[in-house]
>>> print(open('structure_20.cif').read())   # mmCIF, C-alpha atoms
data_target
loop_
_atom_site.label_atom_id
_atom_site.label_comp_id
_atom_site.auth_asym_id
_atom_site.auth_seq_id
_atom_site.Cartn_x
_atom_site.Cartn_y
_atom_site.Cartn_z
CA MET A 1464 -27.30 18.24 0.69
CA GLN A 1465 -31.00 17.33 0.77
CA ASP A 1466 -32.30 14.86 3.31
CA GLU A 1467 -31.58 11.43 1.86
CA GLU A 1468 -34.89 10.01 3.08
CA GLN A 1469 -36.69 12.54 0.88
CA SER A 1470 -34.37 12.65 -2.11
CA GLY A 1471 -32.87 9.15 -2.10
CA PRO A 1472 -29.19 8.15 -2.08
CA GLY A 1473 -26.80 9.54 -4.65
CA PRO A 1474 -23.41 11.19 -5.13
CA VAL A 1475 -22.47 13.80 -2.53
CA ASN A 1476 -19.48 15.45 -4.21
CA LEU A 1477 -21.09 16.29 -7.55
CA ARG A 1478 -20.94 19.74 -9.12
CA ASP A 1479 -21.20 21.62 -12.41
CA LEU A 1480 -17.98 23.39 -13.35
CA GLY A 1481 -19.76 26.24 -15.10
CA GLY A 1482 -19.22 29.78 -13.90
CA LEU A 1483 -15.47 29.59 -13.28
CA PRO A 1484 -13.52 32.74 -14.26
CA LEU A 1485 -11.40 32.69 -17.42
CA THR A 1486 -8.01 34.35 -17.70
CA ASP A 1487 -9.14 36.59 -20.57
CA GLY A 1488 -12.56 37.46 -19.16
CA GLY A 1489 -15.87 35.65 -19.06
CA ARG A 1490 -16.72 32.39 -17.34
CA THR A 1491 -16.99 28.73 -18.20
CA ALA A 1492 -20.34 27.57 -19.57
CA ALA A 1493 -22.74 25.63 -17.37
CA GLY A 1494 -23.91 22.18 -18.40
CA VAL A 1495 -20.63 21.23 -20.12
CA LEU A 1496 -18.40 19.56 -17.52
CA TYR A 1497 -19.36 17.97 -14.20
CA ARG A 1498 -17.14 16.37 -11.60
CA GLY A 1499 -18.21 13.99 -8.90
CA ASP A 1500 -17.97 10.83 -6.85
CA ALA A 1501 -19.24 7.46 -7.99
CA CYS A 1502 -22.84 6.32 -8.33
CA TYR A 1503 -23.94 2.93 -6.98
CA THR A 1504 -26.82 0.51 -7.36
CA GLY A 1505 -29.92 1.98 -5.74
CA ASP A 1506 -28.96 5.61 -6.28
CA VAL A 1507 -31.69 8.02 -7.30
CA ALA A 1508 -31.13 10.55 -10.08
CA ARG A 1509 -31.42 13.97 -8.43
CA GLY A 1510 -29.89 17.39 -8.76
CA LEU A 1511 -27.71 17.63 -11.87
CA LEU A 1512 -28.31 13.97 -12.70
CA ALA A 1513 -32.03 14.65 -13.00
CA ASP A 1514 -32.11 18.25 -14.22
CA ARG A 1515 -29.52 17.91 -16.97
CA PRO A 1516 -28.10 14.39 -16.95
CA PRO A 1517 -24.73 13.69 -18.54
CA THR A 1518 -24.68 12.29 -22.05
CA THR A 1519 -21.09 11.14 -21.46
CA VAL A 1520 -19.52 9.67 -18.32
CA VAL A 1521 -15.77 9.24 -17.82
CA ASP A 1522 -15.11 6.66 -15.09
CA LEU A 1523 -11.51 6.80 -13.85
CA ARG A 1524 -11.83 3.89 -11.41
CA SER A 1525 -10.23 0.46 -11.62
CA ASP A 1526 -12.19 -2.60 -12.73
CA ALA A 1527 -12.33 -3.80 -9.11
CA GLU A 1528 -13.85 -0.51 -7.95
CA ARG A 1529 -16.43 -0.55 -10.75
CA GLY A 1530 -17.51 -4.03 -9.75
CA HIS A 1531 -18.82 -2.91 -6.36
CA ARG A 1532 -22.58 -2.27 -6.60
CA ALA A 1533 -22.20 -1.20 -10.21
CA TYR A 1534 -24.51 1.62 -11.31
CA THR A 1535 -26.36 1.32 -14.61
CA TRP A 1536 -26.52 4.56 -16.57
CA PRO A 1537 -29.48 5.23 -18.90
CA ASP A 1538 -29.25 3.98 -22.48
CA GLY A 1539 -28.61 7.50 -23.78
CA THR A 1540 -25.46 7.92 -21.67
CA ARG A 1541 -22.14 6.85 -23.14
CA VAL A 1542 -19.62 5.56 -20.56
CA HIS A 1543 -15.85 5.71 -21.08
CA GLN A 1544 -13.76 3.61 -18.70
CA LEU A 1545 -10.32 5.18 -18.51
CA SER A 1546 -8.62 3.62 -15.49
CA LEU A 1547 -5.67 5.12 -13.74
CA HIS A 1548 -3.48 2.15 -12.78
CA ALA A 1549 -3.84 1.13 -9.13
CA ASP A 1550 -0.13 1.68 -8.46
CA ALA A 1551 -0.40 5.26 -9.70
CA ALA A 1552 -3.64 6.12 -7.92
CA PRO A 1553 -3.26 7.92 -4.57
CA GLY A 1554 -4.71 5.03 -2.58
CA GLY A 1555 -2.07 2.68 -4.01
CA ARG A 1556 0.91 4.09 -2.11
CA THR A 1557 1.48 4.98 1.50
CA GLY A 1558 3.97 7.14 3.34
CA LEU A 1559 3.81 9.95 0.79
CA GLY A 1560 2.05 13.29 0.97
CA LEU A 1561 -0.69 14.19 -1.48
CA ALA A 1562 1.48 16.63 -3.42
CA GLU A 1563 4.12 13.95 -4.10
CA LEU A 1564 1.48 11.35 -4.92
CA TYR A 1565 -0.19 13.71 -7.34
CA GLY A 1566 3.13 14.45 -8.99
CA ARG A 1567 3.67 10.73 -9.60
CA VAL A 1568 0.16 10.20 -10.93
CA PHE A 1569 0.48 13.26 -13.15
CA ASP A 1570 3.63 11.91 -14.77
CA VAL A 1571 2.31 8.37 -15.22
CA ALA A 1572 -1.12 9.38 -16.50
CA ALA A 1573 -0.20 12.16 -18.93
CA PRO A 1574 -1.37 10.16 -22.01
CA LEU A 1575 -4.65 9.34 -20.26
CA PHE A 1576 -5.31 13.01 -19.56
CA ALA A 1577 -4.56 13.80 -23.20
CA GLY A 1578 -6.98 11.01 -24.15
CA LEU A 1579 -9.75 12.77 -22.26
CA VAL A 1580 -9.66 15.70 -24.67
CA PRO A 1581 -11.51 14.12 -27.62
CA VAL A 1582 -14.09 12.71 -25.21
CA VAL A 1583 -14.97 16.08 -23.67
CA ALA A 1584 -14.50 17.95 -26.95
CA ARG A 1585 -16.87 15.82 -29.02
CA ALA A 1586 -19.56 15.03 -26.42
CA ALA A 1587 -23.15 15.78 -27.40
CA GLY A 1588 -24.03 17.15 -23.95
CA PRO A 1589 -22.75 17.37 -20.37
CA VAL A 1590 -19.74 15.23 -19.46
CA LEU A 1591 -19.32 13.78 -15.96
CA VAL A 1592 -15.77 12.91 -14.87
CA HIS A 1593 -15.63 10.82 -11.70
CA CYS A 1594 -13.62 8.32 -9.68
CA THR A 1595 -14.65 6.98 -6.27
CA ALA A 1596 -14.46 10.17 -4.23
CA GLY A 1597 -14.19 12.69 -7.04
CA LYS A 1598 -11.12 14.10 -5.31
CA ASP A 1599 -7.78 12.66 -6.42
CA ARG A 1600 -7.93 11.19 -9.92
CA THR A 1601 -10.88 13.39 -10.80
CA GLY A 1602 -9.16 16.41 -9.31
CA LEU A 1603 -6.10 15.94 -11.51
CA ALA A 1604 -8.08 15.26 -14.69
CA VAL A 1605 -10.37 18.23 -14.14
CA ALA A 1606 -7.47 20.55 -13.35
CA VAL A 1607 -5.84 19.70 -16.68
CA LEU A 1608 -9.07 20.25 -18.62
CA LEU A 1609 -9.94 23.50 -16.89
CA LEU A 1610 -6.48 25.00 -17.30
CA ALA A 1611 -6.44 24.04 -20.99
CA ALA A 1612 -9.74 25.88 -21.38
CA GLY A 1613 -8.21 29.02 -19.89
CA VAL A 1614 -9.67 28.95 -16.38
CA GLU A 1615 -7.89 31.15 -13.84
CA PRO A 1616 -5.32 28.98 -11.99
CA GLN A 1617 -6.54 30.09 -8.57
CA ALA A 1618 -10.10 29.13 -9.54
CA VAL A 1619 -8.84 25.64 -10.41
CA VAL A 1620 -7.23 25.36 -6.98
CA ASP A 1621 -10.37 26.67 -5.27
CA ASP A 1622 -12.55 24.15 -7.08
CA TYR A 1623 -10.31 21.29 -5.92
CA VAL A 1624 -10.41 22.56 -2.32
CA ALA A 1625 -14.23 22.65 -2.42
CA THR A 1626 -14.20 18.86 -2.06
CA ASP A 1627 -12.66 19.16 1.41
CA THR A 1628 -15.98 20.19 2.96
CA ASN A 1629 -17.69 17.16 1.41
CA MET A 1630 -15.37 14.57 2.95
CA PRO A 1631 -17.63 13.81 5.97
CA LEU A 1632 -20.50 13.17 3.54
CA LEU A 1633 -18.28 10.85 1.53
CA TYR A 1634 -17.35 8.85 4.65
CA ARG A 1635 -21.03 8.26 5.40
CA ARG A 1636 -21.72 7.48 1.77
CA TRP A 1637 -19.02 4.79 1.61
CA GLU A 1638 -20.26 3.18 4.81
CA ALA A 1639 -23.82 3.15 3.44
CA VAL A 1640 -22.83 1.41 0.19
CA GLY A 1641 -20.63 -1.14 1.96
CA LEU A 1642 -17.15 0.04 1.12
CA ARG A 1643 -14.48 -0.80 3.71
CA GLY A 1644 -15.61 1.81 6.22
CA ALA A 1645 -13.98 5.14 5.44
CA SER A 1646 -10.58 3.60 4.81
CA SER A 1647 -9.73 5.20 1.48
CA SER A 1648 -10.20 8.54 -0.21
CA ASP A 1649 -10.25 6.99 -3.68
CA GLY A 1650 -10.89 3.30 -3.50
CA ASP A 1651 -10.93 0.36 -1.17
CA ARG A 1652 -7.32 0.38 0.08
CA ALA A 1653 -6.24 1.66 3.49
CA VAL A 1654 -4.34 4.96 3.34
CA PRO A 1655 -3.04 7.35 6.00
CA PRO A 1656 -5.72 9.60 7.54
CA ASP A 1657 -3.95 12.77 6.34
CA LEU A 1658 -4.81 11.80 2.76
CA PHE A 1659 -8.52 12.29 3.54
CA ARG A 1660 -8.23 15.97 2.71
CA ALA A 1661 -8.27 18.25 -0.33
CA PRO A 1662 -5.79 21.00 0.62
CA ALA A 1663 -4.62 23.70 -1.78
CA GLU A 1664 -1.00 22.68 -1.38
CA ALA A 1665 -1.77 19.26 -2.91
CA ILE A 1666 -3.01 20.51 -6.29
CA THR A 1667 -1.07 23.80 -6.52
CA PRO A 1668 2.22 22.22 -7.74
CA ILE A 1669 0.33 20.52 -10.60
CA VAL A 1670 -1.38 23.77 -11.55
CA GLU A 1671 1.94 25.60 -11.48
CA ARG A 1672 3.61 22.95 -13.65
CA LEU A 1673 0.92 23.20 -16.30
CA VAL A 1674 0.86 26.99 -16.33
CA ALA A 1675 4.67 27.12 -16.62
CA HIS A 1676 4.85 24.55 -19.43
CA PRO A 1677 6.15 26.10 -22.68
CA GLY A 1678 3.04 26.93 -24.66
CA GLY A 1679 0.83 26.38 -21.64
CA PRO A 1680 -1.54 23.52 -20.73
CA GLU A 1681 -2.78 23.21 -24.31
CA ALA A 1682 0.74 22.50 -25.56
CA TRP A 1683 1.23 20.01 -22.71
CA LEU A 1684 -1.84 18.07 -23.83
CA ILE A 1685 -0.82 18.14 -27.49
CA GLY A 1686 2.66 17.01 -26.54
CA HIS A 1687 1.16 13.95 -24.84
CA GLY A 1688 -1.07 12.91 -27.71
CA ALA A 1689 -4.10 15.21 -27.88
CA ARG A 1690 -5.01 16.57 -31.31
CA GLU A 1691 -4.79 20.32 -31.70
CA ASP A 1692 -8.28 20.55 -33.24
CA ASP A 1693 -9.76 18.63 -30.29
CA VAL A 1694 -8.03 20.97 -27.83
CA ARG A 1695 -9.53 23.95 -29.68
CA ARG A 1696 -12.94 22.30 -29.76
CA TRP A 1697 -12.77 21.59 -26.03
CA CYS A 1698 -11.84 25.20 -25.27
CA SER A 1699 -14.78 26.36 -27.36
CA ARG A 1700 -17.21 24.03 -25.55
CA ALA A 1701 -15.94 24.95 -22.09
CA ARG A 1702 -16.26 28.64 -22.87
CA GLY A 1703 -19.74 28.27 -24.36
CA GLU A 1704 -18.53 29.66 -27.67
CA ALA A 1705 -20.13 26.92 -29.74
CA ALA A 1706 -23.52 27.61 -28.16
CA ALA A 1707 -23.08 31.34 -28.62
CA ALA A 1708 -22.16 30.90 -32.30
CA TYR A 1709 -25.25 28.71 -32.81
CA ARG A 1710 -27.50 31.34 -31.20
CA ASP A 1711 -25.95 34.04 -33.40
CA ARG A 1712 -26.56 32.00 -36.56
CA LYS A 1713 -30.17 31.37 -35.55
CA ALA A 1714 -30.69 35.08 -34.89
CA GLN A 1715 -29.22 36.03 -38.29
CA THR A 1716 -31.37 33.54 -40.18
CA GLY A 1717 -34.48 34.64 -38.33
#
>>> encode(input="structure_20.cif", output="structure tokens")
Amino acid sequence: MQDEEQSGPGPVNLRDLGGLPLTDGGRTAAGVLYRGDACYTGDVARGLLADRPPTTVVDLRSDAERGHRAYTWPDGTRVHQLSLHADAAPGGRTGLGLAELYGRVFDVAAPLFAGLVPVVARAAGPVLVHCTAGKDRTGLAVAVLLLAAGVEPQAVVDDYVATDTNMPLLYRRWEAVGLRGASSSDGDRAVPPDLFRAPAEAITPIVERLVAHPGGPEAWLIGHGAREDDVRRWCSRARGEAAAAYRDRKAQTG
């Protein structure tokens, strides 16, 4: 992370999901899907947000979370507000481990995850999926999308775990923007300290469930409401096949 005094405040758990290995060879395309934590009033566009800003933003937070120092995206950015219900979000329950919480959210939010497919499939440019921390709700949504695109399951787990090293930055970020100290990993509700982690064992059961589903993650999404053509289109975008086909057509036509 760059020095904030030089670069200005902004998200600290933001990354491009390009370059992840695919099960049948190749890697995901850069500039297609980003994941991250929330932006707030006063943030400065830097890094991905400046170099190749998202044309579509999927905000998984509740209305109450969005109301805190709400960030205004540029006019050219389309924002989709797809809230996971507070009772299903990891910060909404206590006394449960992350793996069990994720299992409950996964079951409750299956139609929402299926509803993400047309958004990411039809976007005109990069799509940013975020919640408050970019860990729990974002982690589940991104895992579903990546697995449906054919990303290696272990790479999906590794990407989730990458957030763990950013947790200290997130604590400082929340304090700076006036959230309730560092009391929640994904909102403004107090949760047990052991939920302030992103361990492999939290997301692995979800990955295993999707991989084991009859027909795979694509069939799981279609079974919960996604259109088959949108799933195919998303896979093509994530793999960079649409861009490659366009370059081939341009080369053939001179």
>>> atom_distance(input="structure_20.cif", atom1="atom CA of A:Glu1691", atom2="atom CA of A:Val1607")
15.1 Å
>>> closest_residue(input="structure_20.cif", among="A:Thr1535, A:Thr1504, A:Thr1486, A:Thr1601", to="A:Val1521", atoms="all atoms listed in the file")
A:Thr1601
>>> closest_residue(input="structure_20.cif", among="A:Gly1641, A:Gly1560, A:Cys1502, A:Thr1667", to="A:Ala1618", atoms="only C-alpha atoms")
A:Thr1667
>>> closest_residue(input="structure_20.cif", among="A:Gly1473, A:Gly1602, A:Pro1680, A:Gly1566", to="A:Pro1662", atoms="all atoms listed in the file")
A:Gly1602
>>> closest_residue(input="structure_20.cif", among="A:Arg1567, A:Val1580, A:Asn1629, A:Val1605", to="A:Glu1681", atoms="only C-alpha atoms")
A:Val1580
>>> atom_distance(input="structure_20.cif", atom1="atom CA of A:Ala1501", atom2="atom CA of A:Trp1683")
28.2 Å
>>> closest_residue(input="structure_20.cif", among="A:Arg1660, A:His1593, A:Arg1532, A:His1687", to="A:Leu1496", atoms="only C-alpha atoms")
A:His1593
>>> resolve_selection(input="structure_20.cif", expression="the PyMOL selection byres ((chain A and resi 1494) around 8)", output="list in words")
Asp1479, Leu1480, Gly1481, Ala1492, Ala1493, Val1495, Leu1496, Tyr1497, Arg1515, Gly1588 and Pro1589 of chain A
>>> closest_residue(input="structure_20.cif", among="A:Arg1690, A:Gln1544, A:Asp1506, A:Val1582", to="A:Thr1518", atoms="all atoms listed in the file")
A:Val1582
>>> axis_aligned_box(input="structure_20.cif", around="stretch 1598-1608 of chain A", padding_each_side="5 Å", output="lines of an AutoDock Vina configuration file")
center_x = -8.5
center_y = 15.9
center_z = -12.0
size_x = 15.3
size_y = 19.4
size_z = 23.3
>>> residues_around(input="structure_20.cif", residues="A:Glu1528", least_positions_apart="2", cutoff="10 Å", atoms="only C-alpha atoms", output="JSON, numbers by chain")
{"A": [1501, 1523, 1524, 1525, 1526, 1530, 1531, 1532, 1533, 1594, 1595, 1642, 1649, 1650, 1651]}
>>> atom_distance(input="structure_20.cif", atom1="atom CA of A:Val1620", atom2="atom CA of A:Tyr1503")
28.0 Å
>>> resolve_selection(input="structure_20.cif", expression="the PyMOL selection byres ((chain A and resi 1512) around 10)", output="PyMOL selection string")
chain A and resi 1473-1474+1477+1497+1507-1511+1513-1517+1591
>>> write_last_selection(input="structure_20.cif", atoms="C-alpha atoms", output="CSV table (one decimal), in the coordinates of the input")
chain,number,residue,atom,x,y,z
A,1473,GLY,CA,-26.8,9.5,-4.6
A,1474,PRO,CA,-23.4,11.2,-5.1
A,1477,LEU,CA,-21.1,16.3,-7.6
A,1497,TYR,CA,-19.4,18.0,-14.2
A,1507,VAL,CA,-31.7,8.0,-7.3
A,1508,ALA,CA,-31.1,10.6,-10.1
A,1509,ARG,CA,-31.4,14.0,-8.4
A,1510,GLY,CA,-29.9,17.4,-8.8
A,1511,LEU,CA,-27.7,17.6,-11.9
A,1513,ALA,CA,-32.0,14.6,-13.0
A,1514,ASP,CA,-32.1,18.2,-14.2
A,1515,ARG,CA,-29.5,17.9,-17.0
A,1516,PRO,CA,-28.1,14.4,-17.0
A,1517,PRO,CA,-24.7,13.7,-18.5
A,1591,LEU,CA,-19.3,13.8,-16.0
>>> residues_around(input="structure_20.cif", residues="stretch 1570-1579 of chain A", least_positions_apart="6", cutoff="12 Å", atoms="all atoms listed in the file", output="PDB file with C-alpha atoms, keeping the file's coordinate frame")
ATOM      1  CA  LEU A1496     -18.400  19.560 -17.520  1.00  0.00           C
ATOM      2  CA  THR A1519     -21.090  11.140 -21.460  1.00  0.00           C
ATOM      3  CA  VAL A1520     -19.520   9.670 -18.320  1.00  0.00           C
ATOM      4  CA  VAL A1521     -15.770   9.240 -17.820  1.00  0.00           C
ATOM      5  CA  ASP A1522     -15.110   6.660 -15.090  1.00  0.00           C
ATOM      6  CA  LEU A1523     -11.510   6.800 -13.850  1.00  0.00           C
ATOM      7  CA  HIS A1543     -15.850   5.710 -21.080  1.00  0.00           C
ATOM      8  CA  GLN A1544     -13.760   3.610 -18.700  1.00  0.00           C
ATOM      9  CA  LEU A1545     -10.320   5.180 -18.510  1.00  0.00           C
ATOM     10  CA  SER A1546      -8.620   3.620 -15.490  1.00  0.00           C
ATOM     11  CA  LEU A1547      -5.670   5.120 -13.740  1.00  0.00           C
ATOM     12  CA  HIS A1548      -3.480   2.150 -12.780  1.00  0.00           C
ATOM     13  CA  ALA A1549      -3.840   1.130  -9.130  1.00  0.00           C
ATOM     14  CA  ASP A1550      -0.130   1.680  -8.460  1.00  0.00           C
ATOM     15  CA  ALA A1551      -0.400   5.260  -9.700  1.00  0.00           C
ATOM     16  CA  ALA A1552      -3.640   6.120  -7.920  1.00  0.00           C
ATOM     17  CA  GLU A1563       4.120  13.950  -4.100  1.00  0.00           C
ATOM     18  CA  LEU A1564       1.480  11.350  -4.920  1.00  0.00           C
ATOM     19  CA  ARG A1585     -16.870  15.820 -29.020  1.00  0.00           C
ATOM     20  CA  ALA A1586     -19.560  15.030 -26.420  1.00  0.00           C
ATOM     21  CA  VAL A1590     -19.740  15.230 -19.460  1.00  0.00           C
ATOM     22  CA  LEU A1591     -19.320  13.780 -15.960  1.00  0.00           C
ATOM     23  CA  VAL A1592     -15.770  12.910 -14.870  1.00  0.00           C
ATOM     24  CA  ARG A1600      -7.930  11.190  -9.920  1.00  0.00           C
ATOM     25  CA  THR A1601     -10.880  13.390 -10.800  1.00  0.00           C
ATOM     26  CA  GLY A1602      -9.160  16.410  -9.310  1.00  0.00           C
ATOM     27  CA  LEU A1603      -6.100  15.940 -11.510  1.00  0.00           C
ATOM     28  CA  ALA A1604      -8.080  15.260 -14.690  1.00  0.00           C
ATOM     29  CA  VAL A1605     -10.370  18.230 -14.140  1.00  0.00           C
ATOM     30  CA  ALA A1606      -7.470  20.550 -13.350  1.00  0.00           C
ATOM     31  CA  VAL A1607      -5.840  19.700 -16.680  1.00  0.00           C
ATOM     32  CA  LEU A1608      -9.070  20.250 -18.620  1.00  0.00           C
ATOM     33  CA  LEU A1609      -9.940  23.500 -16.890  1.00  0.00           C
ATOM     34  CA  ALA A1611      -6.440  24.040 -20.990  1.00  0.00           C
ATOM     35  CA  ILE A1669       0.330  20.520 -10.600  1.00  0.00           C
ATOM     36  CA  ARG A1672       3.610  22.950 -13.650  1.00  0.00           C
ATOM     37  CA  LEU A1673       0.920  23.200 -16.300  1.00  0.00           C
ATOM     38  CA  PRO A1680      -1.540  23.520 -20.730  1.00  0.00           C
ATOM     39  CA  GLU A1681      -2.780  23.210 -24.310  1.00  0.00           C
ATOM     40  CA  ALA A1682       0.740  22.500 -25.560  1.00  0.00           C
ATOM     41  CA  TRP A1683       1.230  20.010 -22.710  1.00  0.00           C
ATOM     42  CA  LEU A1684      -1.840  18.070 -23.830  1.00  0.00           C
ATOM     43  CA  ILE A1685      -0.820  18.140 -27.490  1.00  0.00           C
ATOM     44  CA  GLY A1686       2.660  17.010 -26.540  1.00  0.00           C
ATOM     45  CA  HIS A1687       1.160  13.950 -24.840  1.00  0.00           C
ATOM     46  CA  GLY A1688      -1.070  12.910 -27.710  1.00  0.00           C
ATOM     47  CA  ALA A1689      -4.100  15.210 -27.880  1.00  0.00           C
ATOM     48  CA  ARG A1690      -5.010  16.570 -31.310  1.00  0.00           C
ATOM     49  CA  GLU A1691      -4.790  20.320 -31.700  1.00  0.00           C
ATOM     50  CA  ASP A1693      -9.760  18.630 -30.290  1.00  0.00           C
ATOM     51  CA  VAL A1694      -8.030  20.970 -27.830  1.00  0.00           C
ATOM     52  CA  TRP A1697     -12.770  21.590 -26.030  1.00  0.00           C
TER      53      TRP A1697
END
>>> residues_around(input="structure_20.cif", residues="A:Thr1628", least_positions_apart="2", cutoff="12 Å", atoms="only C-alpha atoms", output="short mmCIF file (atom, residue, chain, number, x, y, z; two decimals) with C-alpha atoms, in the frame of the given file")
data_model
loop_
_atom_site.label_atom_id
_atom_site.label_comp_id
_atom_site.auth_asym_id
_atom_site.auth_seq_id
_atom_site.Cartn_x
_atom_site.Cartn_y
_atom_site.Cartn_z
CA MET A 1464 -27.30 18.24 0.69
CA VAL A 1475 -22.47 13.80 -2.53
CA ASN A 1476 -19.48 15.45 -4.21
CA LYS A 1598 -11.12 14.10 -5.31
CA ASP A 1621 -10.37 26.67 -5.27
CA ASP A 1622 -12.55 24.15 -7.08
CA TYR A 1623 -10.31 21.29 -5.92
CA VAL A 1624 -10.41 22.56 -2.32
CA ALA A 1625 -14.23 22.65 -2.42
CA THR A 1626 -14.20 18.86 -2.06
CA MET A 1630 -15.37 14.57 2.95
CA PRO A 1631 -17.63 13.81 5.97
CA LEU A 1632 -20.50 13.17 3.54
CA LEU A 1633 -18.28 10.85 1.53
CA TYR A 1634 -17.35 8.85 4.65
CA PHE A 1659 -8.52 12.29 3.54
CA ARG A 1660 -8.23 15.97 2.71
CA ALA A 1661 -8.27 18.25 -0.33
CA PRO A 1662 -5.79 21.00 0.62
#
>>> residues_near_point(input="structure_20.cif", point="(-11.8, 26.8, -27.0)", cutoff="10 Å", atoms="all atoms listed in the file", output="PyMOL selection string")
chain A and resi 1584+1611-1613+1692-1705
>>> residues_around(input="structure_20.cif", residues="A:Glu1671", least_positions_apart="3", cutoff="12 Å", atoms="all atoms listed in the file", output="list in words")
Gly1566, Ala1606, Val1607, Leu1610, Glu1615, Pro1616, Gln1617, Val1619, Val1620, Ala1663, Glu1664, Ala1665, Ile1666, Thr1667, Pro1668, Val1674, Ala1675, His1676, Pro1677, Gly1679 and Pro1680 of chain A
>>> decode(input="structure_20.cif", residues="stretch 1524-1543 of chain A", atoms="C-alpha atoms", output="compact mmCIF listing (two decimals), in the first residue's frame")
# COMPACT_ATOMS: atom_id res chain seq x y z
CA ARG A 1524 -23.93 -4.03 1.63
CA SER A 1525 -27.13 -3.21 3.48
CA ASP A 1526 -28.85 0.16 3.11
CA ALA A 1527 -27.58 1.17 6.56
CA GLU A 1528 -23.99 0.42 5.60
CA ARG A 1529 -24.30 2.35 2.34
CA GLY A 1530 -25.57 5.38 4.22
CA HIS A 1531 -22.29 5.88 6.08
CA ARG A 1532 -20.16 8.46 4.24
CA ALA A 1533 -21.62 7.34 0.92
CA TYR A 1534 -19.21 7.40 -2.01
CA THR A 1535 -20.34 8.90 -5.32
CA TRP A 1536 -19.17 6.95 -8.35
CA PRO A 1537 -18.56 8.78 -11.66
CA ASP A 1538 -21.50 9.20 -14.03
CA GLY A 1539 -20.17 6.49 -16.34
CA THR A 1540 -20.25 3.84 -13.60
CA ARG A 1541 -23.41 1.79 -13.15
CA VAL A 1542 -24.07 0.70 -9.55
CA HIS A 1543 -26.10 -2.39 -8.65
